[in-house]
Every structure is written in structure tokens, then in C-alpha cells.
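Text of coords09.tsv, listed as TSV, C-alpha atoms:
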chain	number	residue	atom	x	y	z
A	352	MET	CA	-107.49	-271.02	71.51
A	353	LEU	CA	-103.94	-269.81	72.09
A	354	GLU	CA	-102.43	-266.79	73.77
A	355	VAL	CA	-99.78	-264.73	72.00
A	356	THR	CA	-96.34	-265.82	73.22
A	357	GLY	CA	-94.03	-264.69	70.41
A	358	ARG	CA	-92.46	-267.31	68.18
A	359	ARG	CA	-93.71	-270.28	70.23
A	360	HIS	CA	-97.40	-269.67	69.60
A	361	ARG	CA	-96.83	-269.24	65.84
A	362	ALA	CA	-95.44	-272.77	65.45
A	363	ALA	CA	-98.19	-274.25	67.62
A	364	ALA	CA	-100.91	-272.39	65.69
A	365	GLN	CA	-99.58	-273.57	62.33
A	366	LEU	CA	-99.28	-277.17	63.54
A	367	LEU	CA	-102.92	-277.12	64.67
A	368	ARG	CA	-104.03	-275.63	61.34
A	369	ASP	CA	-102.12	-278.34	59.50
A	370	ARG	CA	-104.07	-280.90	61.56
A	371	GLY	CA	-107.38	-279.35	60.53
A	372	PHE	CA	-108.16	-277.36	63.68
A	373	LYS	CA	-109.60	-273.85	63.73
A	374	VAL	CA	-107.26	-271.58	65.67
A	375	VAL	CA	-107.97	-268.41	67.64
A	376	VAL	CA	-104.91	-266.44	68.79
A	377	LEU	CA	-105.79	-264.20	71.72
A	378	ASN	CA	-103.82	-261.20	72.95
A	379	PRO	CA	-102.72	-261.44	76.61
A	380	ARG	CA	-104.72	-258.41	77.80
A	381	PRO	CA	-108.28	-259.70	77.15
A	382	ALA	CA	-107.20	-263.11	78.45
A	383	ARG	CA	-105.97	-261.58	81.70
A	384	ASP	CA	-109.01	-259.28	82.00
A	385	PHE	CA	-111.23	-262.35	81.64
A	386	ALA	CA	-109.26	-264.14	84.36
A	387	GLN	CA	-109.66	-261.22	86.76
A	388	ALA	CA	-113.37	-260.95	85.95
A	389	THR	CA	-113.81	-264.59	86.97
A	390	GLY	CA	-111.89	-263.98	90.19
A	391	GLN	CA	-108.92	-266.08	89.13
A	392	LEU	CA	-105.77	-264.23	90.18
A	393	ALA	CA	-103.33	-267.14	90.13
A	394	LYS	CA	-101.27	-267.59	86.99
A	395	THR	CA	-99.85	-270.97	86.03
A	396	ASP	CA	-99.72	-272.87	82.75
A	397	ARG	CA	-102.57	-275.13	83.88
A	398	VAL	CA	-104.70	-272.20	85.05
A	399	ASP	CA	-104.03	-270.26	81.85
A	400	ALA	CA	-105.04	-273.23	79.71
A	401	SER	CA	-108.32	-273.72	81.56
A	402	LEU	CA	-109.10	-269.98	81.38
A	403	LEU	CA	-108.46	-269.87	77.63
A	404	ALA	CA	-110.83	-272.81	77.21
A	405	ALA	CA	-113.44	-271.00	79.34
A	406	PHE	CA	-112.93	-267.81	77.32
A	407	GLY	CA	-113.65	-269.72	74.12
A	408	GLN	CA	-116.85	-271.14	75.57
A	409	ALA	CA	-117.98	-267.76	76.92
A	410	PHE	CA	-117.31	-265.95	73.63
A	411	PRO	CA	-117.99	-268.41	70.80
A	412	ALA	CA	-118.41	-265.54	68.33
A	413	VAL	CA	-114.69	-264.74	68.42
A	414	GLY	CA	-113.52	-265.37	64.88
A	415	GLU	CA	-110.80	-267.71	63.75
A	416	THR	CA	-107.38	-266.09	63.40
A	417	PRO	CA	-106.23	-266.33	59.77
A	418	ALA	CA	-102.88	-267.86	58.96
A	419	VAL	CA	-100.22	-265.32	58.10
A	420	ALA	CA	-98.27	-265.28	54.86
A	421	ALA	CA	-95.04	-267.27	54.76
A	422	GLU	CA	-93.03	-264.04	54.51
A	423	THR	CA	-94.54	-262.52	57.65
A	424	ASP	CA	-92.43	-264.31	60.26
A	425	PRO	CA	-89.04	-263.28	58.84
A	426	LEU	CA	-90.39	-259.75	58.30
A	427	ARG	CA	-91.44	-259.55	61.95
A	428	ASP	CA	-88.08	-260.90	63.09
A	429	LEU	CA	-86.22	-258.27	61.07
A	430	LEU	CA	-88.41	-255.48	62.41
A	431	VAL	CA	-87.85	-256.62	66.01
A	432	MET	CA	-84.09	-256.75	65.40
A	433	ARG	CA	-84.16	-253.23	63.96
A	434	ALA	CA	-86.17	-251.91	66.92
A	435	SER	CA	-83.65	-253.44	69.33
A	436	LEU	CA	-80.94	-251.31	67.69
A	437	VAL	CA	-82.85	-248.08	67.16
A	438	LYS	CA	-83.53	-247.43	70.86
A	439	PRO	CA	-79.92	-247.73	72.14
A	440	ARG	CA	-78.73	-245.79	69.08
A	441	ALA	CA	-81.05	-242.92	69.98
A	442	GLU	CA	-79.78	-242.89	73.57
A	443	LEU	CA	-76.13	-242.39	72.58
A	444	THR	CA	-74.71	-238.90	73.02
A	445	PRO	CA	-72.92	-237.45	69.97
A	446	THR	CA	-69.45	-237.40	71.56
A	447	HIS	CA	-66.27	-238.16	69.67
A	448	ALA	CA	-65.70	-241.31	71.76
A	449	GLU	CA	-68.98	-242.77	70.56
A	450	PHE	CA	-68.62	-241.80	66.91
A	451	VAL	CA	-67.46	-245.26	65.87
A	452	LEU	CA	-70.26	-246.93	67.85
A	453	ASN	CA	-72.81	-244.61	66.25
A	454	ALA	CA	-71.55	-245.56	62.81
A	455	ALA	CA	-71.75	-249.27	63.69
A	456	PHE	CA	-75.36	-248.89	64.82
A	457	ASP	CA	-76.22	-246.92	61.69
A	458	GLN	CA	-74.70	-249.57	59.42
A	459	GLN	CA	-76.53	-252.43	61.13
A	460	ILE	CA	-79.83	-250.54	61.02
A	461	SER	CA	-79.28	-249.74	57.34
A	462	ASP	CA	-78.51	-253.40	56.58
A	463	LEU	CA	-81.71	-254.50	58.32
A	464	GLU	CA	-83.77	-251.94	56.43
A	465	THR	CA	-82.32	-253.26	53.17
A	466	ALA	CA	-83.28	-256.80	54.22
A	467	ILE	CA	-86.79	-255.64	55.21
A	468	THR	CA	-87.26	-254.00	51.81
A	469	ALA	CA	-86.06	-257.15	50.05
A	470	VAL	CA	-88.54	-259.33	51.96
A	471	ILE	CA	-91.39	-256.99	51.05
A	472	HIS	CA	-90.49	-256.90	47.36
A	473	ALA	CA	-90.21	-260.70	47.28
A	474	SER	CA	-93.67	-261.08	48.83
A	475	HIS	CA	-96.58	-261.53	46.43
A	476	SER	CA	-99.05	-260.89	49.27
A	477	GLY	CA	-97.26	-257.87	50.73
A	478	GLN	CA	-96.42	-255.89	47.61
A	479	PRO	CA	-99.92	-254.45	46.89
A	480	SER	CA	-100.40	-253.28	50.50
A	481	PHE	CA	-96.86	-251.88	50.57
A	482	ALA	CA	-97.47	-249.82	47.44
A	483	ILE	CA	-100.72	-248.41	48.83
A	484	LEU	CA	-99.30	-247.63	52.27
A	485	THR	CA	-96.16	-245.91	51.00
A	486	SER	CA	-98.29	-243.69	48.76
A	487	VAL	CA	-99.62	-242.03	51.93
A	488	PRO	CA	-97.64	-238.95	53.06
A	489	SER	CA	-95.35	-239.63	56.06
A	490	VAL	CA	-95.66	-243.42	55.66
A	491	GLY	CA	-92.19	-244.73	54.85
A	492	ILE	CA	-90.73	-248.17	54.29
A	493	ILE	CA	-90.53	-249.17	57.97
A	494	THR	CA	-94.01	-247.91	58.86
A	495	ALA	CA	-95.52	-249.76	55.90
A	496	ALA	CA	-93.53	-252.93	56.63
A	497	ALA	CA	-94.57	-252.87	60.29
A	498	LEU	CA	-98.26	-252.48	59.43
A	499	ILE	CA	-98.03	-255.38	56.98
A	500	ALA	CA	-96.20	-257.51	59.57
A	501	TRP	CA	-98.41	-256.82	62.58
A	502	MET	CA	-101.78	-256.18	60.90
A	503	ASP	CA	-102.67	-259.37	59.05
A	504	GLU	CA	-106.22	-258.07	58.66
A	505	LEU	CA	-105.26	-255.22	56.28
A	506	GLY	CA	-107.42	-255.43	53.20
A	507	SER	CA	-110.01	-257.72	54.80
A	508	LEU	CA	-111.61	-255.32	57.32
A	509	THR	CA	-113.15	-251.85	57.14
A	510	HIS	CA	-111.14	-248.77	58.07
A	511	ARG	CA	-113.15	-248.49	61.30
A	512	GLN	CA	-112.36	-252.06	62.29
A	513	ILE	CA	-108.67	-251.61	61.50
A	514	ALA	CA	-108.57	-248.37	63.54
A	515	SER	CA	-110.14	-250.21	66.48
A	516	LEU	CA	-107.64	-253.08	66.25
A	517	ILE	CA	-104.68	-250.70	66.19
A	518	GLY	CA	-106.10	-248.66	69.04
A	519	VAL	CA	-106.56	-245.30	67.31
A	520	ALA	CA	-110.37	-245.36	67.10
A	521	PRO	CA	-112.01	-242.75	69.39
A	522	LEU	CA	-114.09	-244.61	71.96
A	523	ALA	CA	-117.09	-243.12	73.76
A	524	THR	CA	-116.80	-242.52	77.50
A	525	ASP	CA	-120.32	-241.18	78.13
A	526	SER	CA	-121.25	-241.82	81.76
A	527	GLY	CA	-123.23	-239.77	84.24
A	528	LYS	CA	-122.69	-236.09	83.49
A	529	LEU	CA	-119.77	-236.83	81.20
A	530	ARG	CA	-120.84	-236.50	77.59
A	531	GLY	CA	-119.02	-236.14	74.31
A	532	ALA	CA	-115.52	-237.16	75.41
A	533	ARG	CA	-113.76	-239.64	73.16
A	534	HIS	CA	-110.46	-241.37	73.90
A	535	ILE	CA	-108.19	-243.94	72.30
A	536	THR	CA	-106.97	-246.94	74.25
A	537	GLY	CA	-105.69	-250.49	73.91
A	538	GLY	CA	-104.89	-251.91	70.52
A	539	ARG	CA	-101.70	-253.36	69.08
A	540	TYR	CA	-98.81	-251.43	70.49
A	541	ARG	CA	-96.36	-252.16	67.66
A	542	SER	CA	-98.75	-250.82	65.01
A	543	TRP	CA	-99.73	-247.92	67.25
A	544	ASN	CA	-96.09	-246.99	67.83
A	545	VAL	CA	-95.13	-246.87	64.16
A	546	LEU	CA	-98.16	-244.74	63.31
A	547	ASP	CA	-97.33	-242.41	66.20
A	548	MET	CA	-93.77	-242.03	64.89
A	549	ALA	CA	-95.02	-241.44	61.35
A	550	GLY	CA	-97.28	-238.70	62.68
A	551	GLY	CA	-94.45	-237.01	64.53
A	552	GLY	CA	-95.56	-238.24	67.94
A	553	ALA	CA	-98.50	-235.86	67.98
Would you mind writing the file's structure down as C-alpha cells?
Amino acid sequence: MLEVTGRRHRAAAQLLRDRGFKVVVLNPRPARDFAQATGQLAKTDRVDASLLAAFGQAFPAVGETPAVAAETDPLRDLLVMRASLVKPRAELTPTHAEFVLNAAFDQQISDLETAITAVIHASHSGQPSFAILTSVPSVGIITAAALIAWMDELGSLTHRQIASLIGVAPLATDSGKLRGARHITGGRYRSWNVLDMAGGGA
């Protein structure tokens, strides 16, 4: 059982799979919630390792995390690079002094989007999902690419399960006199963000 740590956990997970081990990749939030529930507030590498082992023993039903397609890592890297440019570009004011900088940002973002599209079209596993996703109104190239990159389970789970993973499934909060309220929470923030943008931030 591993905790998500960016690129480092990907290499470790693949190495373990190559050695014949079953791998579960756990998001940091449930791992930390489990630590707090057990009263363990300290955080060190040794403590984290022992807590992940305890988590696996406490929840043996947690399924193995499937290996991602070979094209997924470069696709994720390109999307992260694009996101790192989009935010500062949006914060620039449209003054004459920043016109050249705006154009530089726009060109780099455009180049990354071209590279993202090329990776998708070269992917045998990603092409079918990409075609389906982009057929949906308001779902463009980047939204579809991000869902393919960060939602490995697309096509293997029900729409309810996918909605729950992303964090857009309405969850019951019936307690005491409170009845009928439903709220969304948690989920995978990258997937949630691109869907929110595709929906106009509503």
C-alpha cells in the first residue's frame, strides 16, 4: 500500500507490480483521517509506513489499483505544465507593458495543448474515451484529456461510482431533524476542477 506522492509513487508502484506484488495507491486524505482516528498525530516516514500497513489490515476489501497506460504519465505531466501557465496568465492585467508577456504565455499554452492532443491521438487506450468525452457539450480537449489522465477507472466503473470518485455525487447528510439535504464533498480535485470549468463554474 502506497500513498500518492506524485511521480515518486508511480515508479515505486510499477516496480512492485513488475515484481509480482498487488499494489494499492491511497490518496493522502483517507490515510491522514485514519491516522487521526487512531490517535496518531505525529507524521514521519516511519509512522506513515506503519499507518499505511495498519490501514491495509483494517480495510482488506480495498481493491488493487490498476496500472495506468504507458501514455498516462506524459499526459499528466503536460497537463500539470499547462495548469502552471494558465493561472499566472489569467492574473496578468491587459496593459500594453504586458502584451508581449501575454503573447508568450499564450504561445506556450497553445504548444502544450498541441502536445496533449498528439499524445491522446497516439494512445490506443485513450482514443475511444476521448471521442466519447468530446462528444458531450462543453467538454473540450483539455477537459477530456484531464479526465483520461486522472480517472483511470473510466470505462470500468458505473456512472455512480465515477461520480463518487470525482466528488460530484450528492451525499446524504440526514441526521437528527435534518432530512433531505444532499451535498458534494471530497473526490479528486483535478477532475473536479476541470468539470467545474467545463460547466462554467456553476
Worksheet item: How far is it from CA of Gly407 in chain A to CA of Thr509 in chain A, in Å with one decimal?
Response: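 Rounded to one decimal, the two atoms are 24.7 Å apart.
Once all atoms listed in the file are considered, the residues situated within 10 Å of the file point (-97.0, -246.1, 56.8) turn out to be A:Phe481, A:Ile483, A:Leu484, A:Thr485, A:Ser486, A:Val487, A:Pro488, A:Ser489, A:Val490, A:Gly491, A:Ile492, A:Ile493, A:Thr494, A:Ala495, A:Ala496, A:Ala497, A:Leu498, A:Ile499, A:Ser542, A:Val545, A:Leu546, A:Met548, A:Ala549, A:Gly550.
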Around range 393-405 of chain A, with edges along x, y and z and 4 Å added on all six sides, what centre and edge lengths do you get, in Å to one decimal, as JSON?
{"center_x": -106.6, "center_y": -271.1, "center_z": 83.7, "size_x": 21.7, "size_y": 16.0, "size_z": 20.9}
Practice prompt. Enter the distance from CA of Ala364 in chain A to CA of Arg539 in chain A, in Å, rounded to one decimal.
Written response: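 Rounded to one decimal, the two atoms are 19.3 Å apart.
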Discussion item. Neighbouring residues of Leu516 in chain A were defined as those with any atom within 10 Å, considering all atoms listed in the file; residues of the same chain fewer than 6 positions away were excluded. Please report them as a ChimeraX atom specification.
Written reply: /A:502,504,510,537-540,542-543
Taking all atoms listed in the file into account, produce a table as a Markdown table in which each residue of range 358-445 of chain A with an atom at most 9 Å from an atom of range 461-467 of chain A appears once, together with its shortest atom pair and the distance in Å to one decimal, ordered by chain and rising number.
| residue | atom | partner | partner_atom | distance |
| --- | --- | --- | --- | --- |
| A:Pro425 | CA | A:Ile467 | CA | 8.8 |
| A:Leu426 | CA | A:Ile467 | CA | 6.3 |
| A:Leu429 | CA | A:Ile467 | CA | 6.4 |
| A:Leu430 | CA | A:Ile467 | CA | 7.4 |
| A:Met432 | CA | A:Leu463 | CA | 7.8 |
| A:Arg433 | CA | A:Leu463 | CA | 6.3 |
Worksheet item: Please, what distance in Å, to one decimal, runs between CA of Trp501 in chain A and CA of Thr423 in chain A?
Response: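 Those two atoms sit 8.5 Å apart.
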Item to complete: Find the residues near Ala455 in chain A: any atom within 12 Å, counting only C-alpha atoms, skip ones fewer than 5 places away on the same chain, and give them as a list in words.
Response: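 Selected residues are Leu436, Val437, Pro439, Arg440, Glu449, Phe450, Ile460, Ser461 and Asp462 of chain A.
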Practice prompt. Return the single residue from A:Thr416, A:Thr356, A:Gln387, A:Ser476 that is closest to Leu402 in chain A, with distances computed using all atoms listed in the file.
Written response: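 Of A:Thr416, A:Thr356, A:Gln387, A:Ser476, the one nearest Leu402 in chain A is A:Gln387, counting all atoms listed in the file.
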Discussion item. Set the distance at 7 Å and use only C-alpha atoms: which residues neighbour Asn378 in chain A once local chain neighbours fewer than 3 positions away are removed? I'd like the list as number ranges by chain.
Written reply: A: 354-355, 381-382
Discussion item. Just checking: using only C-alpha atoms, which residue out of A:Phe385, A:Gln458, A:Ala404, A:Ala418 ends up closest to Leu367 in chain A?
Written reply: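 Answer, going by the shortest atom-to-atom distance: A:Ala418.
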Missing atoms in range 377-393 of chain A need filling: write out N, CA, C and O atoms for it as a compact mmCIF listing (two decimals), in the coordinates of the input.
# COMPACT_ATOMS: atom_id res chain seq x y z
N LEU A 377 -105.25 -265.26 70.86
CA LEU A 377 -105.79 -264.20 71.72
C LEU A 377 -104.65 -263.38 72.31
O LEU A 377 -103.64 -263.93 72.77
N ASN A 378 -104.81 -262.06 72.31
CA ASN A 378 -103.82 -261.20 72.95
C ASN A 378 -103.89 -261.37 74.47
O ASN A 378 -104.95 -261.65 75.03
N PRO A 379 -102.76 -261.20 75.17
CA PRO A 379 -102.72 -261.44 76.61
C PRO A 379 -103.69 -260.56 77.42
O PRO A 379 -104.22 -261.01 78.42
N ARG A 380 -103.91 -259.31 76.98
CA ARG A 380 -104.72 -258.41 77.80
C ARG A 380 -106.15 -258.90 77.99
O ARG A 380 -106.62 -258.98 79.14
N PRO A 381 -106.92 -259.21 76.92
CA PRO A 381 -108.28 -259.70 77.15
C PRO A 381 -108.30 -261.03 77.92
O PRO A 381 -109.22 -261.28 78.70
N ALA A 382 -107.27 -261.85 77.71
CA ALA A 382 -107.20 -263.11 78.45
C ALA A 382 -107.04 -262.85 79.93
O ALA A 382 -107.71 -263.49 80.78
N ARG A 383 -106.19 -261.88 80.28
CA ARG A 383 -105.97 -261.58 81.70
C ARG A 383 -107.18 -260.85 82.30
O ARG A 383 -107.54 -261.08 83.45
N ASP A 384 -107.80 -259.96 81.53
CA ASP A 384 -109.01 -259.28 82.00
C ASP A 384 -110.10 -260.30 82.30
O ASP A 384 -110.84 -260.17 83.29
N PHE A 385 -110.23 -261.31 81.44
CA PHE A 385 -111.23 -262.35 81.64
C PHE A 385 -110.93 -263.13 82.92
O PHE A 385 -111.83 -263.43 83.71
N ALA A 386 -109.65 -263.41 83.15
CA ALA A 386 -109.26 -264.14 84.36
C ALA A 386 -109.62 -263.35 85.61
O ALA A 386 -110.18 -263.89 86.57
N GLN A 387 -109.34 -262.06 85.60
CA GLN A 387 -109.66 -261.22 86.76
C GLN A 387 -111.17 -261.10 86.96
O GLN A 387 -111.66 -261.07 88.09
N ALA A 388 -111.91 -261.04 85.85
CA ALA A 388 -113.37 -260.95 85.95
C ALA A 388 -113.97 -262.20 86.57
O ALA A 388 -115.02 -262.14 87.22
N THR A 389 -113.31 -263.34 86.39
CA THR A 389 -113.81 -264.59 86.97
C THR A 389 -113.27 -264.81 88.38
O THR A 389 -113.58 -265.82 89.01
N GLY A 390 -112.44 -263.86 88.84
CA GLY A 390 -111.89 -263.98 90.19
C GLY A 390 -110.64 -264.85 90.27
O GLY A 390 -110.18 -265.15 91.38
N GLN A 391 -110.10 -265.22 89.13
CA GLN A 391 -108.92 -266.08 89.13
C GLN A 391 -107.66 -265.20 89.04
O GLN A 391 -107.36 -264.63 88.00
N LEU A 392 -106.94 -265.08 90.14
CA LEU A 392 -105.77 -264.23 90.18
C LEU A 392 -104.47 -265.01 90.02
O LEU A 392 -103.43 -264.45 89.68
N ALA A 393 -104.53 -266.31 90.29
CA ALA A 393 -103.33 -267.14 90.13
C ALA A 393 -102.99 -267.27 88.65
O ALA A 393 -103.87 -267.20 87.78
